[in-house]
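Peer 1: One structure, pasted below without further comment.
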There are 4 protein chains.
Amino acid sequence: MSQTLSHFVMPIRVYLEDTDAQGVVYNASYFRFMERARTDCLRARGIDHVQLREEHGVNLVLARIEARFIAPAKLSDMLHVSADVIEIKGARMSFRQLVRRDREHGELLCDATADVACMDIAAHRPKRFPSTLTSEW
Amino acid sequence: MSQTLSHFVMPIRVYLEDTDAQGVVYNASYFRFMERARTDCLRARGIDHVQLREEHGVNLVLARIEARFIAPAKLSDMLHVSADVIEIKGARMSFRQLVRRDREHGELLCDATADVACMDIAAHRPKRFPSTLTSEW
Amino acid sequence: MSQTLSHFVMPIRVYLEDTDAQGVVYNASYFRFMERARTDCLRARGIDHVQLREEHGVNLVLARIEARFIAPAKLSDMLHVSADVIEIKGARMSFRQLVRRDREHGELLCDATADVACMDIAAHRPKRFPSTLTSEW
Amino acid sequence: MSQTLSHFVMPIRVYLEDTDAQGVVYNASYFRFMERARTDCLRARGIDHVQLREEHGVNLVLARIEARFIAPAKLSDMLHVSADVIEIKGARMSFRQLVRRDREHGELLCDATADVACMDIAAHRPKRFPSTLTSEW
């Protein structure tokens, strides 16, 4: 598949708020976890949502996501959620994201790909990623 | 206690998203439910968050809430969540809110009081409620 | 594509809880909305999560979802969220789900397909949908 | 006020999921943050929700909470959320919880007290906290 331009993984603890009455992590919680990982992946490179908005006039918004749920995460689990940048093209940044249990190479729970779009806030349309942010990737 | 200036109740269905691994509705979900009821209580009087912001330059924000949880709501329950305005004073609107099961006078699950503040967005400080909005209460 | 076995659409109001600081509906909220529509689609046919668990010993869990986000939903919007069953095969029920603004055929905001798996709770593995539930589809 | 039996504070980053269209942290998010802090406060003493359920047959549930919101938290803020046990009496554990910005003694955003009840799962009623868990406090 695509080459990885950037690798990032973060630990995320599962709390009651993330679970549901079926006794496992609720499906929408994975999307919150993956967004946290994408955000901190960018933050690790000095890119922050607030700065993007105030200095560049852009928002990053999810344009497409596909997720396969392989095994359930549970209350009190320590998850490892990755956000690997696999392509940056025009206004689109594509991520591969895995959710694993206990450790970086632990049991695979969720396998996803996500496309994030850089949107010009004033013009309401896609805009190339600011080159200063992505030139070194 | 205070006289009720306005009575409002809305039905809210419990979905998986609202529950947790203990098999009941997660505590923070009640605060989402109560905010929905406050919002629709105001909407029923022609007051909407978007209009407040754009026409009056104010946001309504929760300033204080106290909630007692008496019995648990469960998956698939149909709740009835009230939002009664009990006082409007300066920049503060006070609500009494009850969450009941199945019907308007059903089993009491949660009993709360909430104070909402009217905040001037530009000035970052409290502002009297626009009189056109509350004069007839 | 596949023929539609069942059509369902529900109105969903956007509250503050569903939005984020970018001023639009947060991406994970769409997954909550779509799950509500799938749940009520089944409820309209007499199938409820609690009954599935207690009478049939199964949970319905999301196995895969793909969503494209086309335009943003906003605070106070009234959305129309569909859940059309397009295939039932073994332990899998596949849905097409659209989120539109204002009315059933309004502006398209999100286009998704979701596969739900019927899981035997005790055995922790997929199980054919109970035939009494799906025979007439 | 009451003496503090146990002090705990945890850092919590604010992500998009926690904010709303008014540009600040949504009110129900504070209740999620405070529950995380209570959970990790107990975990730091070797008490976990899963273990409580499986070994002691009890759930911890929120019985009452009062929160005052003093200043808004914002996207990307690093919060410090405390959970101090101020009293354990019968089936009730009382917490004082503060949310501050940037550091443990930073700007105060939210000041709350919360009572958690120890509930016997089978009997559906309050039960004294297991003495092995709280004897050394």
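Here's how to read the names in the structure tokens: chain A, B, ... by the order shown, residue numbers from 1 in each chain, ligand numbers from 1 in the order shown.
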Considering only C-alpha atoms, return as a ChimeraX atom specification whatever protein or nucleic-acid residues lie within 6 Å of Ala114 of chain D, sequence-local ones (same chain, fewer than 5 positions apart) excluded.

Peer 2: /D:64-65,94-95

Peer 1: Give me, as a ChimeraX atom specification, the contact residues of chain C against chain D at a cut-off of 10 Å, counting only C-alpha atoms.

Peer 2: /C:15-29,74-75

Peer 1: Quick one, how far is atom CA of Leu133 of chain C from atom CA of Leu42 of chain C?

Peer 2: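 It comes out at 9.4 Å.
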
Peer 1: Using only C-alpha atoms, pick whichever of B:Arg68, B:Arg101, B:Arg128, B:Arg36 has the shortest atom-to-atom distance to His80 of chain B.

Peer 2: B:Arg101

Peer 1: Which is closest to Ile47 of chain B among B:Pro130, B:Gly106, B:Gly90, B:Pro11, if we use only C-alpha atoms?

Peer 2: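 Among the listed residues, the smallest separation from Ile47 of chain B belongs to B:Pro130.
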
Peer 1: Fewer than 5 positions away in the same chain doesn't count, so skip those; otherwise give me all residues within 12 Å of Arg125 of chain A, counting only C-alpha atoms, as a PyMOL selection string.

Peer 2: (chain A and resi 57-61+91+117-120) or (chain C and resi 70-72)

Peer 1: Among chain B, which residues does DSSP mark as helix (DSSP H, G or I) when it is run on the backbone? Keep the chain and numbering as in the structure and answer as a PyMOL selection string.

Peer 2: chain B and resi 16-18+27-43+49-56+131-134

Peer 1: Identify which of the residues A:Ala63, A:His49, A:Thr39, A:Ala73 lies closest to Arg13 of chain A, counting only C-alpha atoms when measuring atom-to-atom distances.

Peer 2: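 Answer, going by the shortest atom-to-atom distance: A:Ala73.
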
Peer 1: Tell me which protein, DNA and RNA residues are within 12 Å of Thr4 of chain B, counting only C-alpha atoms, leaving out same-chain ones fewer than 6 positions away, and put them as a list in words.

Peer 2: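 Everything that qualifies: Ser82, Ala83, Asp84, Val85, Ile86, Glu87, Ile88, Met93, Ser94, Phe95, Arg96, Gln97 and Trp137 of chain B.
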
Peer 1: Step one, run DSSP on the backbone; step two, keep only residues of segment 24-125 of chain A assigned to strand (DSSP E); then write them as a ChimeraX atom specification.

Peer 2: /A:58-69,78-82,84-89,92-101,108-120,125

Peer 1: Give me, please, the distance in Å between atom CA of Ala123 of chain A and atom CA of Glu54 of chain A, quoted to one decimal.

Peer 2: 14.9 Å

Peer 1: Which is closest to Tyr30 of chain C among C:Arg53, C:Arg100, C:Lys89, C:Val9, if we use only C-alpha atoms?

Peer 2: C:Arg100

Peer 1: From the list B:Glu55, B:Asp40, B:Pro126, B:Leu5, which residue is nearest Ser76 of chain C when using only C-alpha atoms?

Peer 2: B:Asp40
